[in-house]
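Content type compact mmCIF, C-alpha atoms, from the file protein_39.txt:
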# COMPACT_ATOMS: atom_id res chain seq x y z
CA MET A 1 230.09 131.68 -1.24
CA ALA A 2 228.03 129.02 0.53
CA ASP A 3 224.57 129.71 1.93
CA VAL A 4 224.28 129.90 5.71
CA VAL A 5 223.20 126.60 7.25
CA ALA A 6 222.09 126.59 10.90
CA ASP A 7 220.42 123.44 12.20
CA GLU A 8 220.97 120.66 14.69
CA ASP A 9 224.09 119.55 12.80
CA THR A 10 225.81 122.93 13.07
CA PRO A 11 229.05 122.75 15.07
CA ARG A 12 228.71 123.57 18.72
CA VAL A 13 232.32 124.71 19.18
CA ASP A 14 234.54 126.76 16.90
CA ALA A 15 237.94 125.86 18.32
CA HIS A 16 240.09 128.22 16.27
CA ALA A 17 239.47 131.89 15.48
CA HIS A 18 241.30 135.18 15.91
CA ILE A 19 240.01 138.50 17.23
CA PHE A 20 241.85 141.79 16.91
CA THR A 21 241.76 145.50 16.25
CA ARG A 22 244.44 147.45 14.46
CA ALA A 23 244.80 149.59 17.58
CA MET A 24 246.58 146.64 19.20
CA GLY A 25 249.62 147.34 17.01
CA PHE A 26 251.26 144.79 14.74
CA ALA A 27 254.44 142.99 15.71
CA GLU A 28 257.53 144.07 13.78
CA ASP A 29 257.78 140.66 12.11
CA ALA A 30 254.04 140.30 11.35
CA HIS A 31 253.64 138.26 8.16
CA SER A 32 250.33 140.02 7.37
CA ARG A 33 248.80 143.36 8.34
CA PRO A 34 245.01 143.24 7.86
CA ASP A 35 243.47 146.60 6.99
CA TYR A 36 240.34 145.91 9.07
CA ASP A 37 239.28 145.02 12.61
CA TYR A 38 237.69 141.76 13.70
CA PRO A 39 236.55 142.59 17.23
CA VAL A 40 235.05 140.14 19.65
CA ALA A 41 231.54 141.52 19.07
CA ARG A 42 231.76 140.70 15.38
CA TYR A 43 233.09 137.21 16.10
CA LEU A 44 230.25 136.52 18.53
CA ALA A 45 227.77 137.76 15.93
CA ASP A 46 229.25 135.29 13.43
CA LEU A 47 228.92 132.47 15.95
CA ASP A 48 225.30 133.42 16.65
CA ALA A 49 224.46 133.68 12.96
CA HIS A 50 225.57 130.07 12.48
CA GLY A 51 224.20 128.58 15.69
CA ILE A 52 227.60 128.01 17.31
CA SER A 53 227.49 128.29 21.08
CA HIS A 54 231.19 128.35 22.07
CA GLY A 55 234.44 129.68 20.65
CA VAL A 56 238.16 129.38 21.29
CA ILE A 57 240.38 132.35 20.46
CA ALA A 58 243.78 131.40 19.06
CA ALA A 59 246.61 133.82 19.77
CA ALA A 60 247.75 135.55 16.58
CA SER A 61 251.47 136.06 15.96
CA LEU A 62 250.60 139.27 14.07
CA PHE A 63 250.39 141.00 17.45
CA GLY A 64 253.26 139.28 19.25
CA ASP A 65 252.69 138.70 22.94
CA ASN A 66 250.03 141.40 23.30
CA ASN A 67 247.34 139.30 24.96
CA ASP A 68 245.33 142.13 26.52
CA TYR A 69 242.46 142.12 24.02
CA THR A 70 242.00 138.35 24.24
CA LEU A 71 242.06 138.45 28.04
CA ALA A 72 239.45 141.22 28.12
CA ALA A 73 237.22 139.18 25.79
CA LEU A 74 237.52 136.12 28.03
CA ASP A 75 236.67 138.21 31.09
CA ALA A 76 233.52 139.47 29.37
CA HIS A 77 232.22 136.30 27.70
CA ALA A 78 231.89 132.95 29.48
CA ARG A 79 231.25 131.21 26.14
CA LEU A 80 234.84 131.89 25.06
CA ARG A 81 238.21 130.36 25.88
CA GLY A 82 241.57 131.36 24.48
CA THR A 83 245.26 130.76 24.03
CA VAL A 84 248.00 133.33 24.51
CA ILE A 85 251.59 133.92 23.47
CA LEU A 86 254.00 134.01 26.40
CA ARG A 87 257.72 133.98 27.03
CA PRO A 88 258.94 130.62 28.43
CA GLU A 89 260.14 132.40 31.57
CA THR A 90 256.52 133.17 32.55
CA ASP A 91 256.01 132.13 36.16
CA ALA A 92 253.42 129.77 37.61
CA ALA A 93 251.44 132.51 39.36
CA THR A 94 250.89 134.33 36.07
CA LEU A 95 249.83 131.12 34.35
CA HIS A 96 247.35 130.22 37.09
CA ALA A 97 245.89 133.75 37.02
CA MET A 98 245.40 133.49 33.26
CA ALA A 99 243.84 130.04 33.59
CA ASP A 100 241.32 131.51 36.02
CA ARG A 101 240.36 134.02 33.32
CA GLY A 102 239.70 131.36 30.67
CA VAL A 103 243.12 130.84 29.10
CA VAL A 104 243.44 127.17 28.16
CA GLY A 105 246.83 127.11 26.45
CA VAL A 106 249.93 128.80 25.11
CA ARG A 107 250.42 129.00 21.38
CA LEU A 108 253.85 128.25 19.92
CA GLN A 109 254.02 129.78 16.44
CA TRP A 110 256.92 127.80 15.04
CA ARG A 111 255.85 127.38 11.42
CA ARG A 112 258.50 129.71 10.06
CA MET A 113 261.34 128.62 12.35
CA ALA A 114 264.40 126.87 10.92
CA GLN A 115 265.61 125.64 14.32
CA PHE A 116 263.58 124.86 17.41
CA PRO A 117 264.41 125.46 21.07
CA ASP A 118 265.69 122.57 23.15
CA LEU A 119 262.62 121.39 25.02
CA SER A 120 264.67 119.11 27.26
CA SER A 121 266.43 121.99 28.99
CA ASP A 122 265.39 125.24 30.62
CA PRO A 123 263.66 127.55 30.11
CA TYR A 124 261.34 125.35 28.03
CA ARG A 125 261.54 122.21 30.17
CA ALA A 126 260.36 124.09 33.24
CA PHE A 127 257.83 126.10 31.21
CA LEU A 128 256.15 123.00 29.81
CA ARG A 129 256.00 121.52 33.30
CA ARG A 130 254.33 124.68 34.63
CA LEU A 131 251.79 124.58 31.80
CA ALA A 132 250.97 120.96 32.59
CA ASP A 133 250.67 121.72 36.31
CA CYS A 134 248.03 124.42 35.73
CA GLY A 135 246.08 122.38 33.17
CA MET A 136 247.08 124.33 30.08
CA HIS A 137 248.03 122.84 26.73
CA VAL A 138 250.55 123.79 24.08
CA GLU A 139 248.89 124.90 20.85
CA LEU A 140 251.50 124.12 18.21
CA LEU A 141 251.68 125.64 14.75
CA ALA A 142 254.59 124.07 12.87
CA GLY A 143 255.22 122.88 9.34
CA GLY A 144 254.40 119.25 8.66
CA ALA A 145 257.90 118.45 7.45
CA SER A 146 259.25 119.30 10.93
CA LEU A 147 256.78 117.19 12.90
CA PRO A 148 258.56 113.80 12.80
CA ASP A 149 261.45 115.42 14.67
CA LEU A 150 259.52 117.97 16.73
CA LEU A 151 256.50 116.13 18.14
CA PRO A 152 258.45 113.44 20.06
CA ARG A 153 260.20 116.24 21.96
CA PHE A 154 256.89 117.03 23.67
CA ALA A 155 256.14 113.43 24.61
CA ASP A 156 258.07 113.39 27.89
CA SER A 157 256.98 116.84 29.06
CA GLY A 158 253.57 115.79 30.38
CA VAL A 159 251.91 118.77 28.72
CA ARG A 160 248.86 118.30 26.51
CA LEU A 161 249.42 119.17 22.86
CA VAL A 162 246.94 120.59 20.34
CA ILE A 163 248.29 120.54 16.79
CA ASP A 164 246.99 123.31 14.54
CA HIS A 165 245.71 123.19 10.96
CA PHE A 166 245.93 119.43 10.18
CA GLY A 167 249.62 119.59 11.14
CA VAL A 168 250.21 121.96 8.18
CA PRO A 169 250.62 119.10 5.68
CA SER A 170 253.25 119.43 2.97
CA ARG A 171 252.30 119.37 -0.69
CA ASP A 172 255.14 116.91 -1.20
CA GLU A 173 253.57 113.46 -0.86
CA ALA A 174 256.44 111.82 1.03
CA GLU A 175 256.80 114.73 3.44
CA ARG A 176 253.04 114.86 3.94
CA ARG A 177 252.81 111.17 4.79
CA ALA A 178 255.72 111.43 7.23
CA GLY A 179 254.18 114.48 8.90
CA THR A 180 250.73 112.90 9.16
CA ASP A 181 252.27 109.71 10.51
CA ALA A 182 253.97 111.79 13.20
CA VAL A 183 250.69 113.50 14.11
CA LEU A 184 248.94 110.15 14.36
CA ARG A 185 251.66 108.74 16.62
CA ALA A 186 251.18 111.71 18.93
CA LEU A 187 247.39 111.32 18.90
CA GLN A 188 247.59 107.62 19.63
CA GLN A 189 249.74 108.26 22.69
CA GLY A 190 246.70 109.87 24.26
CA ASN A 191 247.87 113.36 25.23
CA ALA A 192 247.45 115.18 21.91
CA TRP A 193 244.67 116.43 19.62
CA VAL A 194 244.63 117.81 16.08
CA LYS A 195 242.55 120.67 14.68
CA ILE A 196 241.00 120.23 11.28
CA SER A 197 241.05 123.99 10.80
CA ALA A 198 242.05 126.25 7.89
CA GLY A 199 241.40 123.47 5.38
CA PHE A 200 240.68 126.15 2.78
CA ARG A 201 244.37 127.10 2.88
CA MET A 202 245.40 123.80 1.27
CA PRO A 203 244.28 121.84 -1.80
CA LEU A 204 241.02 120.05 -1.08
CA PRO A 205 242.43 116.55 -1.83
CA ILE A 206 245.10 117.08 0.84
CA ALA A 207 242.53 118.21 3.43
CA GLU A 208 240.36 115.19 2.54
CA GLU A 209 243.29 112.79 2.75
CA CYS A 210 244.47 114.03 6.14
CA ALA A 211 240.99 114.25 7.66
CA ALA A 212 240.20 110.71 6.52
CA ARG A 213 243.37 109.37 8.11
CA PHE A 214 242.77 111.20 11.39
CA LEU A 215 239.21 109.88 11.57
CA ALA A 216 240.13 106.31 10.64
CA GLU A 217 243.30 105.97 12.71
CA ALA A 218 242.66 108.23 15.73
CA GLY A 219 238.91 108.87 15.83
CA PRO A 220 236.80 111.92 16.75
CA GLU A 221 238.00 111.85 20.36
CA ARG A 222 241.33 113.23 19.08
CA ILE A 223 239.93 115.78 16.61
CA ILE A 224 238.55 119.30 17.01
CA TRP A 225 237.27 121.73 14.38
CA GLY A 226 237.93 125.42 13.90
CA SER A 227 236.89 128.06 11.37
CA ASP A 228 240.10 130.13 11.34
CA ALA A 229 237.95 133.27 11.18
CA PRO A 230 238.43 135.96 9.96
CA PHE A 231 240.38 134.10 7.24
CA VAL A 232 243.38 136.43 7.02
CA ASN A 233 244.59 136.78 3.42
CA TRP A 234 241.50 134.83 2.24
CA GLU A 235 238.82 137.33 3.22
CA THR A 236 237.50 137.82 -0.32
CA LYS A 237 237.51 134.10 -1.15
CA ILE A 238 235.75 132.47 1.79
CA ASP A 239 233.30 133.22 4.58
CA PHE A 240 232.09 131.55 7.75
CA ALA A 241 229.44 129.50 6.00
CA ASP A 242 232.06 128.15 3.58
CA THR A 243 234.17 126.83 6.45
CA ILE A 244 231.17 124.95 7.87
CA ALA A 245 230.39 123.54 4.43
CA LEU A 246 233.99 122.34 4.11
CA TYR A 247 233.80 120.75 7.56
CA ARG A 248 230.66 118.87 6.56
CA ARG A 249 232.43 117.65 3.44
CA LEU A 250 235.47 116.45 5.38
CA VAL A 251 233.34 114.89 8.14
CA PRO A 252 230.03 113.98 6.45
CA ASP A 253 228.63 111.89 9.31
CA ALA A 254 226.59 114.01 11.73
CA GLU A 255 227.17 111.70 14.70
CA THR A 256 230.93 111.92 14.16
CA ARG A 257 230.70 115.71 14.15
CA ARG A 258 228.76 115.59 17.42
CA ARG A 259 231.53 113.47 18.92
CA ILE A 260 234.09 116.05 17.74
CA ASP A 261 232.01 118.73 19.48
CA ALA A 262 232.02 116.65 22.65
CA THR A 263 235.80 116.40 22.42
CA ALA A 264 236.11 120.18 22.19
CA MET A 265 233.72 120.79 25.06
CA GLN A 266 235.61 118.41 27.30
CA LEU A 267 239.02 119.77 26.32
CA PHE A 268 238.23 123.47 26.63
CA PHE A 269 235.08 123.98 28.75
CA THR A 270 235.18 121.43 31.57
As a first step, turn the structure in this file into structure tokens.
Amino acid sequence: MADVVADEDTPRVDAHAHIFTRAMGFAEDAHSRPDYDYPVARYLADLDAHGISHGVIAAASLFGDNNDYTLAALDAHARLRGTVILRPETDAATLHAMADRGVVGVRLQWRRMAQFPDLSSDPYRAFLRRLADCGMHVELLAGGASLPDLLPRFADSGVRLVIDHFGVPSRDEAERRAGTDAVLRALQQGNAWVKISAGFRMPLPIAEECAARFLAEAGPERIIWGSDAPFVNWETKIDFADTIALYRRLVPDAETRRRIDATAMQLFFT
């Protein structure tokens, strides 16, 4: 594992991590069931150990729509923001109350879905409008092969879109190019961002290819970085320092990384 590096080039914002305890209870359809806890105190200790000042908690599908632990962490720590999992029928008052507590978006975990809801009709049409009205974004996790069809469905909703994990690029070259093209079209329309997070979950050449295209064709104003701590299913293969080392490899220019930090601060903390 990589040595810890903490200096002026260390990321300021980790825009994708999960916190949990097993006491929360796993969802019936959880794809993984970690045999450990990763509480907020441990996450904050990891941030401090690497000189990272701010963090964004991504809702984890492992626990369904149990958002209580994330909300309590946001109440207690001003340096954190978070996303939640909600039913599309959630009303505006609930959304505004959550926004006041530090919730910045709603995560749609659609990676394993064969068919997607119709976003042009209720309940999703009204839900996306309510999210936009209270300043929240959609955090979308979906397979790259689905993005050419799926991303345009968000374009007319007015809601901001944050695309997780490089757009989950396919290992098939043609599918990967089509998915990355779709991500870039969304970024270039000005209301979407992409996370270069969880790069360790894909072959390094694919992470390098996608990151290079995002930087060259969209720029750091459309990119944010996240660690994906605590690296579920990869815990014995990677640690926090490794994710920072990978980030530096994908984005070797320090000034570009500072601009990515500025993007995250503006998107989540202003």
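Residues surrounding A:Ile224 within 6 Å are Lys195, Ile260 and Ala264 of chain A [only C-alpha atoms; sequence separation below 2 positions excluded].
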Query - Who sits within 8 Å of A:Val40, all atoms listed in the file, same chain under 6 positions skipped, as a list in words - result: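 What passes the distance filter is Ile19, Phe20 and Ala73 of chain A.
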Query raised in the report: Which polymer residues have any atom within 9 Å of an atom of A:Gly226, counting only C-alpha atoms, with same-chain residues fewer than 5 positions away left out, as a list in words?
Result: Val13, Asp14, Ala15, His16, Ala17, Gly55, Val56, His165, Lys195, Ile196, Ser197, Ala198, Thr243 and Tyr247 of chain A
Query raised in the report: Within 12 Å of A:Trp110, counting all atoms listed in the file, which residues qualify if same-chain residues fewer than 3 places away don't, as a list in words?
Result: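 Using all atoms listed in the file, the neighbours found are Ser61, Ile85, Arg107, Met113, Ala114, Gln115, Phe116, Pro117, Val138, Glu139, Leu140, Leu141, Ala142, Gly143, Gly144, Ser146, Leu147, Leu150, Ile163, Asp164, Gly167 and Val168 of chain A.
Residues with at least one atom no more than 9 Å from (255.7, 125.9, 36.8), using only C-alpha atoms, are Thr90, Asp91, Ala92, Ala93, Leu95, Ala126, Phe127, Leu128, Arg129, Arg130, Leu131, Ala132, Asp133 and Cys134 of chain A.
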Since we have the selection now, will you write its residues out, keeping C-alpha atoms, as a compact mmCIF listing (two decimals), in the frame of the given file?
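part_4.txt, freshly written:
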# COMPACT_ATOMS: atom_id res chain seq x y z
CA THR A 90 256.52 133.17 32.55
CA ASP A 91 256.01 132.13 36.16
CA ALA A 92 253.42 129.77 37.61
CA ALA A 93 251.44 132.51 39.36
CA LEU A 95 249.83 131.12 34.35
CA ALA A 126 260.36 124.09 33.24
CA PHE A 127 257.83 126.10 31.21
CA LEU A 128 256.15 123.00 29.81
CA ARG A 129 256.00 121.52 33.30
CA ARG A 130 254.33 124.68 34.63
CA LEU A 131 251.79 124.58 31.80
CA ALA A 132 250.97 120.96 32.59
CA ASP A 133 250.67 121.72 36.31
CA CYS A 134 248.03 124.42 35.73
Report task. Please measure the separation of atom CA of A:Glu173 and atom CA of A:Ile206, giving the value in Å to one decimal. Result ->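 Interatomic distance, atom CA of A:Glu173 to atom CA of A:Ile206: 9.4 Å.
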**Report entry** Nearby residues (only C-alpha atoms) at most 12 Å from A:Gln188, same-chain spacing under 3 positions excluded, as a ChimeraX atom specification
**Finding:** /A:155,181-185,191-194,214-223
**Report entry** Point-to-point distance from atom CA of A:Ala60 to atom CA of A:Gly179, Å rounded to tenths
**Finding:** 23.3 Å
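Compared by their closest atoms to A:Trp234, and using all atoms listed in the file, the residues A:Ala41, A:Thr270, A:Asn67, A:Ser32 rank with A:Ser32 nearest.
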Requested in this report: Take atom CA of A:Ser170 and atom CA of A:Asp261 and report the distance between them in Å, one decimal.
Outcome: 26.9 Å
Edge lengths and centre, in Å to one decimal, as AutoDock Vina command-line options: that's what I need for the box along x, y and z that holds all listed atoms of stretch 41-57 of chain A plus 3 Å on each side.
--center_x 232.3 --center_y 134.8 --center_z 17.3 --size_x 22.2 --size_y 19.5 --size_z 15.6
Query raised in the report: Between A:Ser120, A:Gln189, A:Thr263, A:Ser53, which has the minimum distance to A:Arg153 (counting only C-alpha atoms)?
Result: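 Once distances to A:Arg153 are computed over only C-alpha atoms, the minimum belongs to A:Ser120.
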Report summary line: Restricting to all atoms listed in the file, whichever of A:Asp46, A:Asp242, A:Asp228, A:Asp253 is closest to A:His18 is A:Asp228
**Report entry** Selected residue of minimal separation from A:Thr256 among A:Asp100, A:Asp9, A:Glu209, A:Glu235, counting all atoms listed in the file
**Finding:**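 Smallest distance to A:Thr256 is found for A:Asp9.
The shortest atom-to-atom distance to A:Asp239, with all atoms listed in the file taken into account, belongs to A:His50 out of A:Ala72, A:His50, A:Asp118, A:Arg22.
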